[in-house]
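**Q** For reference, the file structure35.txt (compact mmCIF, C-alpha atoms and all ligand atoms) is included below:
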# COMPACT_ATOMS: atom_id res chain seq x y z
CA MET A 1 11.32 -26.83 -2.58
CA PRO A 2 12.57 -25.54 0.78
CA GLU A 3 14.45 -27.85 3.11
CA ALA A 4 12.48 -29.22 6.05
CA ASN A 5 13.80 -26.78 8.66
CA SER A 6 13.04 -26.60 12.35
CA LYS A 7 10.27 -24.47 13.81
CA SER A 8 10.80 -20.70 13.84
CA ASP A 9 12.67 -20.62 10.53
CA TYR A 10 9.62 -19.31 8.69
CA VAL A 11 7.21 -16.43 9.19
CA VAL A 12 4.01 -15.45 7.39
CA GLY A 13 3.35 -11.94 6.08
CA VAL A 14 -0.27 -11.02 5.36
CA ASP A 15 -1.56 -8.02 3.43
CA LEU A 16 -5.22 -7.45 4.26
CA GLY A 17 -6.81 -5.23 1.62
CA GLY A 18 -10.33 -4.06 0.88
CA THR A 19 -10.58 -6.39 -2.13
CA LYS A 20 -7.98 -9.10 -1.61
CA ILE A 21 -5.94 -10.87 1.06
CA LEU A 22 -2.36 -11.90 0.21
CA ALA A 23 -0.23 -14.19 2.37
CA GLY A 24 3.44 -15.01 1.83
CA ILE A 25 5.78 -17.44 3.61
CA PHE A 26 9.31 -16.09 4.12
CA ASN A 27 12.46 -17.94 5.17
CA SER A 28 15.20 -16.58 7.42
CA SER A 29 16.82 -14.76 4.45
CA LEU A 30 13.50 -12.99 3.80
CA GLU A 31 12.95 -14.92 0.57
CA SER A 32 9.38 -15.77 -0.36
CA VAL A 33 8.85 -19.55 -0.54
CA GLY A 34 5.08 -19.65 -1.07
CA VAL A 35 2.17 -17.27 -1.58
CA ALA A 36 -1.62 -17.47 -1.56
CA LYS A 37 -4.39 -15.05 -2.40
CA VAL A 38 -8.10 -14.98 -1.58
CA SER A 39 -10.72 -12.27 -2.13
CA THR A 40 -11.65 -10.33 1.03
CA LYS A 41 -15.45 -10.24 0.56
CA ALA A 42 -15.68 -7.55 3.25
CA GLN A 43 -19.46 -7.29 2.72
CA ARG A 44 -19.88 -10.73 4.38
CA GLY A 45 -18.81 -9.24 7.70
CA VAL A 46 -15.84 -9.19 10.05
CA GLU A 47 -16.00 -12.82 11.22
CA SER A 48 -16.03 -14.11 7.66
CA VAL A 49 -12.99 -11.96 6.74
CA VAL A 50 -11.04 -13.25 9.75
CA THR A 51 -11.80 -16.83 8.66
CA ARG A 52 -10.68 -15.98 5.12
CA ILE A 53 -7.36 -14.61 6.47
CA GLU A 54 -6.87 -17.89 8.35
CA ARG A 55 -7.59 -19.85 5.15
CA CYS A 56 -5.17 -17.71 3.14
CA VAL A 57 -2.39 -18.28 5.72
CA ARG A 58 -2.98 -22.06 5.69
CA ASP A 59 -3.05 -22.09 1.85
CA ALA A 60 0.29 -20.25 1.70
CA VAL A 61 1.84 -22.68 4.23
CA ASP A 62 0.60 -25.59 2.10
CA GLU A 63 1.86 -23.91 -1.08
CA ALA A 64 5.35 -23.74 0.50
CA ASP A 65 5.17 -27.50 1.38
CA LEU A 66 5.46 -26.66 5.07
CA THR A 67 3.35 -27.40 8.14
CA MET A 68 1.95 -24.89 10.65
CA LYS A 69 4.49 -26.25 13.18
CA GLN A 70 7.33 -24.77 11.11
CA ILE A 71 5.90 -21.23 11.31
CA SER A 72 7.00 -19.01 14.20
CA ALA A 73 4.77 -15.95 13.76
CA VAL A 74 2.34 -14.05 11.55
CA GLY A 75 2.54 -10.33 10.69
CA ILE A 76 -0.45 -8.51 9.21
CA GLY A 77 -0.83 -5.14 7.53
CA ALA A 78 -4.40 -3.84 7.91
CA PRO A 79 -5.96 -0.82 6.21
CA GLY A 80 -6.86 1.90 8.70
CA ALA A 81 -6.05 2.84 12.28
CA VAL A 82 -4.45 0.06 14.30
CA ASP A 83 -3.64 -0.20 18.01
CA PHE A 84 -0.34 -2.04 17.70
CA GLY A 85 -0.12 -2.99 21.39
CA THR A 86 -3.40 -4.90 21.46
CA GLY A 87 -3.46 -5.78 17.74
CA THR A 88 -6.89 -4.17 17.38
CA VAL A 89 -8.10 -2.60 14.13
CA ILE A 90 -9.74 0.55 15.50
CA PHE A 91 -11.31 1.63 12.22
CA ALA A 92 -10.92 0.56 8.57
CA PRO A 93 -12.75 3.04 6.30
CA ASN A 94 -12.92 0.74 3.24
CA MET A 95 -14.22 -2.34 5.09
CA GLU A 96 -17.76 -2.61 6.35
CA GLY A 97 -18.16 -3.16 10.09
CA TRP A 98 -14.44 -2.90 10.93
CA LYS A 99 -14.56 -1.01 14.19
CA ASP A 100 -12.56 -2.18 17.23
CA VAL A 101 -11.85 -5.62 15.77
CA SER A 102 -9.52 -7.70 17.97
CA LEU A 103 -7.69 -9.18 14.99
CA LYS A 104 -4.59 -10.32 16.89
CA LYS A 105 -6.58 -12.14 19.58
CA ASP A 106 -9.03 -13.77 17.14
CA LEU A 107 -6.35 -15.00 14.73
CA GLU A 108 -4.02 -16.22 17.47
CA LYS A 109 -6.89 -18.41 18.66
CA GLN A 110 -7.59 -19.73 15.14
CA LEU A 111 -3.97 -20.24 14.03
CA GLY A 112 -2.29 -21.14 17.34
CA LEU A 113 0.58 -18.74 16.51
CA PRO A 114 1.68 -15.28 17.67
CA VAL A 115 0.12 -12.57 15.46
CA PHE A 116 1.25 -8.94 15.08
CA VAL A 117 -0.96 -6.30 13.45
CA GLU A 118 0.21 -2.96 12.03
CA ASN A 119 -1.16 -0.28 9.67
CA ASP A 120 -0.68 -1.27 6.01
CA GLY A 121 1.24 1.88 4.99
CA ASN A 122 3.66 1.40 7.89
CA ILE A 123 4.08 -2.24 6.92
CA ALA A 124 4.73 -1.43 3.25
CA VAL A 125 7.45 1.13 4.02
CA LEU A 126 9.05 -1.37 6.42
CA GLY A 127 9.10 -3.97 3.60
CA VAL A 128 10.65 -1.54 1.12
CA HIS A 129 13.19 -0.29 3.67
CA VAL A 130 14.43 -3.73 4.71
CA ALA A 131 14.05 -5.83 1.54
CA GLU A 132 14.61 -3.29 -1.24
CA LEU A 133 16.81 -0.60 0.34
CA LYS A 134 18.67 -3.14 2.56
CA ALA A 135 17.93 -0.91 5.59
CA LYS A 136 20.68 1.50 4.46
CA PRO A 137 18.94 4.92 4.39
CA ARG A 138 18.14 6.28 7.87
CA HIS A 139 15.19 8.43 6.78
CA VAL A 140 12.61 7.17 4.26
CA VAL A 141 9.14 8.32 3.25
CA GLY A 142 6.89 5.75 1.54
CA ILE A 143 3.88 6.83 -0.54
CA PHE A 144 1.60 4.05 -1.79
CA VAL A 145 -0.90 5.09 -4.43
CA GLY A 146 -3.83 2.72 -4.90
CA THR A 147 -7.56 2.90 -4.06
CA GLY A 148 -6.47 5.53 -1.53
CA ILE A 149 -3.00 6.84 -0.68
CA GLY A 150 -1.20 5.08 2.16
CA GLY A 151 2.00 6.27 3.73
CA GLY A 152 4.74 5.23 6.10
CA LEU A 153 7.78 6.85 7.68
CA ILE A 154 11.18 5.48 8.64
CA ILE A 155 12.98 7.97 10.87
CA ASN A 156 16.43 7.29 12.36
CA GLY A 157 16.24 3.79 10.89
CA GLU A 158 13.01 2.89 12.71
CA LEU A 159 9.35 2.89 11.78
CA TYR A 160 7.86 6.12 13.13
CA SER A 161 4.25 6.00 14.26
CA GLY A 162 3.92 9.09 16.43
CA PHE A 163 2.06 9.91 19.66
CA ASN A 164 -1.24 8.14 18.88
CA HIS A 165 0.37 5.57 16.59
CA THR A 166 -1.33 7.28 13.64
CA ALA A 167 1.61 9.12 12.02
CA GLY A 168 2.24 8.65 8.31
CA GLU A 169 -1.32 9.40 7.15
CA ILE A 170 0.17 11.03 4.09
CA GLY A 171 -3.01 10.52 2.05
CA HIS A 172 -4.83 13.03 4.25
CA MET A 173 -2.46 15.98 3.92
CA VAL A 174 -4.57 18.78 2.49
CA ILE A 175 -3.13 19.79 -0.89
CA GLU A 176 -6.02 21.92 -2.22
CA VAL A 177 -8.21 23.63 0.38
CA SER A 178 -11.31 23.81 -1.82
CA GLY A 179 -10.60 20.52 -3.58
CA PRO A 180 -12.87 17.45 -3.90
CA LYS A 181 -14.34 15.74 -0.84
CA CYS A 182 -12.30 12.94 0.76
CA GLY A 183 -13.54 9.70 2.38
CA CYS A 184 -12.29 11.06 5.74
CA GLY A 185 -14.77 13.97 5.58
CA ASN A 186 -12.16 16.62 4.74
CA LYS A 187 -11.75 18.45 1.42
CA GLY A 188 -8.81 18.43 -0.97
CA CYS A 189 -6.82 15.66 0.74
CA PHE A 190 -3.89 14.20 -1.21
CA GLU A 191 -5.82 10.95 -1.80
CA ALA A 192 -8.94 12.83 -2.97
CA LEU A 193 -6.72 14.30 -5.73
CA ALA A 194 -4.19 11.64 -6.68
CA SER A 195 -5.46 8.13 -5.77
CA ARG A 196 -6.75 5.70 -8.38
CA THR A 197 -10.28 6.57 -7.20
CA ALA A 198 -9.63 10.27 -7.87
CA ILE A 199 -8.06 9.58 -11.29
CA PHE A 200 -11.02 7.44 -12.37
CA GLN A 201 -13.49 10.07 -11.15
CA ARG A 202 -11.76 12.80 -13.18
CA ILE A 203 -11.72 10.60 -16.28
CA LYS A 204 -15.41 9.70 -15.96
CA ALA A 205 -16.35 13.35 -15.35
CA GLY A 206 -14.34 14.42 -18.43
CA ILE A 207 -16.09 11.89 -20.66
CA LYS A 208 -19.47 13.20 -19.45
CA GLU A 209 -18.35 16.69 -20.49
CA GLY A 210 -17.53 15.40 -23.99
CA GLU A 211 -13.80 14.63 -23.77
CA LYS A 212 -12.68 12.05 -26.34
CA THR A 213 -10.56 9.10 -25.16
CA LEU A 214 -9.49 5.68 -26.45
CA LEU A 215 -10.69 4.22 -23.14
CA THR A 216 -14.32 4.27 -24.32
CA ASP A 217 -13.33 2.32 -27.48
CA MET A 218 -11.45 -0.18 -25.27
CA LEU A 219 -14.02 -0.60 -22.47
CA GLY A 220 -17.35 0.98 -23.48
CA ASN A 221 -18.87 4.25 -22.28
CA ASP A 222 -19.36 3.34 -18.61
CA LEU A 223 -15.71 2.19 -18.15
CA GLU A 224 -16.93 -0.40 -15.67
CA ASP A 225 -13.79 -2.58 -15.79
CA LEU A 226 -11.29 0.28 -15.91
CA ARG A 227 -7.87 -0.58 -14.42
CA SER A 228 -4.63 1.38 -14.00
CA GLY A 229 -3.04 -0.72 -16.78
CA ASP A 230 -5.69 0.53 -19.25
CA LEU A 231 -4.50 4.09 -18.63
CA ARG A 232 -0.95 3.07 -19.55
CA LYS A 233 -2.19 1.41 -22.76
CA ALA A 234 -4.21 4.51 -23.73
CA ILE A 235 -1.25 6.85 -23.07
CA ARG A 236 1.11 4.67 -25.16
CA LYS A 237 -1.38 4.83 -28.02
CA GLY A 238 -1.29 8.64 -27.83
CA ASP A 239 -4.48 9.39 -25.84
CA LYS A 240 -4.20 13.14 -25.12
CA PHE A 241 -6.97 13.28 -22.51
CA VAL A 242 -5.61 10.42 -20.38
CA THR A 243 -2.07 11.81 -20.73
CA LYS A 244 -3.29 15.16 -19.39
CA ILE A 245 -5.09 13.59 -16.40
CA ILE A 246 -2.06 11.46 -15.48
CA GLU A 247 0.32 14.43 -15.79
CA GLN A 248 -1.97 16.46 -13.54
CA THR A 249 -2.01 13.56 -11.03
CA ALA A 250 1.80 13.31 -11.16
CA GLU A 251 1.96 17.06 -10.40
CA TYR A 252 -0.23 16.58 -7.31
CA ILE A 253 2.03 13.73 -6.19
CA GLY A 254 5.10 15.94 -6.81
CA ILE A 255 3.56 18.65 -4.57
CA GLY A 256 2.90 16.03 -1.88
CA VAL A 257 6.51 14.84 -2.17
CA SER A 258 7.89 18.40 -1.86
CA ASN A 259 5.84 19.01 1.32
CA LEU A 260 7.17 15.80 2.86
CA ILE A 261 10.76 16.63 1.90
CA ASN A 262 10.41 20.12 3.41
CA VAL A 263 9.02 18.75 6.68
CA LEU A 264 10.94 15.49 7.18
CA GLY A 265 14.17 15.75 5.21
CA PRO A 266 14.25 12.13 4.02
CA GLU A 267 17.15 10.54 2.13
CA VAL A 268 14.76 8.51 -0.01
CA VAL A 269 11.16 9.02 -1.05
CA VAL A 270 9.79 5.76 -2.41
CA LEU A 271 6.59 5.56 -4.44
CA GLY A 272 4.65 2.31 -4.66
CA GLY A 273 1.16 0.83 -4.92
CA GLY A 274 -0.89 -0.32 -7.92
CA VAL A 275 -1.02 3.07 -9.69
CA MET A 276 2.74 3.51 -9.53
CA GLU A 277 3.32 -0.09 -10.55
CA ALA A 278 1.28 0.51 -13.73
CA LEU A 279 2.30 4.10 -14.50
CA ALA A 280 5.77 4.78 -13.03
CA ASP A 281 7.32 5.30 -16.49
CA GLU A 282 4.64 7.84 -17.34
CA MET A 283 4.66 9.69 -13.98
CA MET A 284 8.09 9.67 -12.36
CA SER A 285 9.75 12.46 -14.37
CA VAL A 286 6.81 14.82 -13.72
CA ILE A 287 6.77 13.90 -10.01
CA VAL A 288 10.50 14.65 -9.63
CA LYS A 289 10.30 17.89 -11.66
CA THR A 290 7.29 19.19 -9.67
CA ALA A 291 8.88 18.22 -6.32
CA LYS A 292 12.03 20.17 -7.28
CA GLU A 293 9.96 23.21 -8.24
CA HIS A 294 8.13 23.29 -4.89
CA ALA A 295 10.74 22.14 -2.36
CA MET A 296 12.68 24.75 -0.35
CA PRO A 297 16.15 25.52 -1.73
CA GLY A 298 18.69 23.12 -0.29
CA THR A 299 16.18 20.48 0.85
CA MET A 300 16.43 18.33 -2.31
CA LYS A 301 20.21 17.96 -2.37
CA GLY A 302 21.10 14.27 -2.73
CA VAL A 303 17.50 13.15 -2.07
CA GLU A 304 16.40 10.17 -4.15
CA ILE A 305 12.83 9.93 -5.41
CA ILE A 306 12.28 6.39 -6.69
CA ALA A 307 9.58 3.92 -7.70
CA SER A 308 9.56 0.71 -5.63
CA LYS A 309 10.31 -2.54 -7.42
CA LEU A 310 8.44 -4.64 -4.85
CA GLY A 311 5.03 -3.80 -6.33
CA ASP A 312 2.22 -5.76 -4.72
CA ASN A 313 4.70 -7.67 -2.53
CA ALA A 314 5.69 -4.67 -0.36
CA GLY A 315 2.85 -5.46 2.08
CA ILE A 316 3.54 -9.18 2.64
CA THR A 317 7.30 -8.54 2.81
CA GLY A 318 6.89 -5.81 5.43
CA ALA A 319 4.49 -7.95 7.44
CA ALA A 320 7.09 -10.73 7.44
CA VAL A 321 9.77 -8.25 8.59
CA LEU A 322 7.46 -7.21 11.46
CA ALA A 323 6.77 -10.84 12.46
CA ARG A 324 10.49 -11.61 12.52
CA LYS A 325 11.35 -8.44 14.44
CA GLU A 326 8.72 -9.08 17.09
CA THR A 327 9.75 -12.72 17.70
CA LYS A 328 13.51 -12.14 17.80
ZN ZN B 401 -8.82 12.72 3.73
Output the file's structure in the form of structure tokens.
Ligand SMILES: [Zn+2]
**A**
Amino acid sequence: MPEANSKSDYVVGVDLGGTKILAGIFNSSLESVGVAKVSTKAQRGVESVVTRIERCVRDAVDEADLTMKQISAVGIGAPGAVDFGTGTVIFAPNMEGWKDVSLKKDLEKQLGLPVFVENDGNIAVLGVHVAELKAKPRHVVGIFVGTGIGGGLIINGELYSGFNHTAGEIGHMVIEVSGPKCGCGNKGCFEALASRTAIFQRIKAGIKEGEKTLLTDMLGNDLEDLRSGDLRKAIRKGDKFVTKIIEQTAEYIGIGVSNLINVLGPEVVVLGGGVMEALADEMMSVIVKTAKEHAMPGTMKGVEIIASKLGDNAGITGAAVLARKETK
């Protein structure tokens, strides 16, 4: 149990996702002392989600045996375009009704604490950079493979968000001009080829065309409850079809990585998110090999391509880093 410290020793990091909200309490050494999780239930509308975030924060504070008075600030990673200055979520493609939502203002009123809102990919790379890489590398690219593909950039040791604060939209680099349609309206985006959504679509399409896989024995023909971990299980049991799909996905990710290395020259490329957490052992060697094949000569020298160890905690950790940075 943490010592009863004075106010401003603790911050809250929140990861707002399309399906779940995670909140973590962090002490001054950036150690997590309490977490809470609630489902997002985005279909109930914006106001309801904001109330659920508030509940999740209060639950986490209670879980850490603290009071709200001992918290100095709240950081939040939100999916989609965020105006950092005003703390407004401009647009969140996976959450119904999220257009120009004044998240900072609304939550500050409900929690009575300063709140800072940032894009979730930016937040995740910040968490990895500070907590996992100890802020050592000056240039880092973060690629987070889940429902979509999020990204974030650390350039010259700082989070880089570009002219319109929208930089790092790695998931929407076009990798295959005539590829499948993306949620953003474009075709052949990185996330339309290599996200969990894309992987599941290719698997379901293959089964319809008569491909044989252990997944149907495990989950039934409609694969309704399919998760990334099931793919790992099938591969380890020797499923040729799933192995092929995951190798193909790892190749797409490797191509994405080589493009980013060519353009940005990072020291470290870190891969995270639910898909990587479940399938890093199966994918990393193919990702590295493909990146080497496609990168310009000389650009790969000394560059590390690694899987993050923070897993699902990258978001809450980065949000806590942001909260601490902004209240210093
Ligand atoms: Zn796209």
**Q** Could you jot down the atom CA of Gly274 of chain A to atom CA of Val145 of chain A separation for me, Å, one decimal place?
**A**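 Spanning atom CA of Gly274 of chain A to atom CA of Val145 of chain A is a straight-line distance of 6.4 Å.
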**Q** Wanna dump the chain A-ligand ZN 401 (chain B) contacts at 6 Å for me, each residue with its shortest atom pair and the distance in Å to one decimal, counting all atoms listed in the file, ordered by chain and number, as a tab-separated table?
**A**
residue	atom	partner	partner_atom	distance
A:His172	CA	B:ZN401	ZN	4.0
A:Cys182	CA	B:ZN401	ZN	4.6
A:Gly183	CA	B:ZN401	ZN	5.8
A:Cys184	CA	B:ZN401	ZN	4.3
A:Asn186	CA	B:ZN401	ZN	5.2
A:Cys189	CA	B:ZN401	ZN	4.6
**Q** For segment 290-303 of chain A, I'd like the enclosing box, axis-aligned and padded by 3 Å on every side, reported as JSON with centre and edge lengths in Å to one decimal.
**A**
{"center_x": 14.2, "center_y": 19.3, "center_z": -4.4, "size_x": 19.8, "size_y": 18.4, "size_z": 16.5}
**Q** Just checking: using all atoms listed in the file, which residue out of A:Glu267, A:Glu224, A:Asp239, A:Asp100 ends up closest to Glu304 of chain A?
**A**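 Closest to Glu304 of chain A, using all atoms listed in the file: A:Glu267.
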**Q** Between atom CA of Thr299 of chain A and atom CA of Val141 of chain A, what distance in Å does the model show, to one decimal?
**A** 14.3 Å
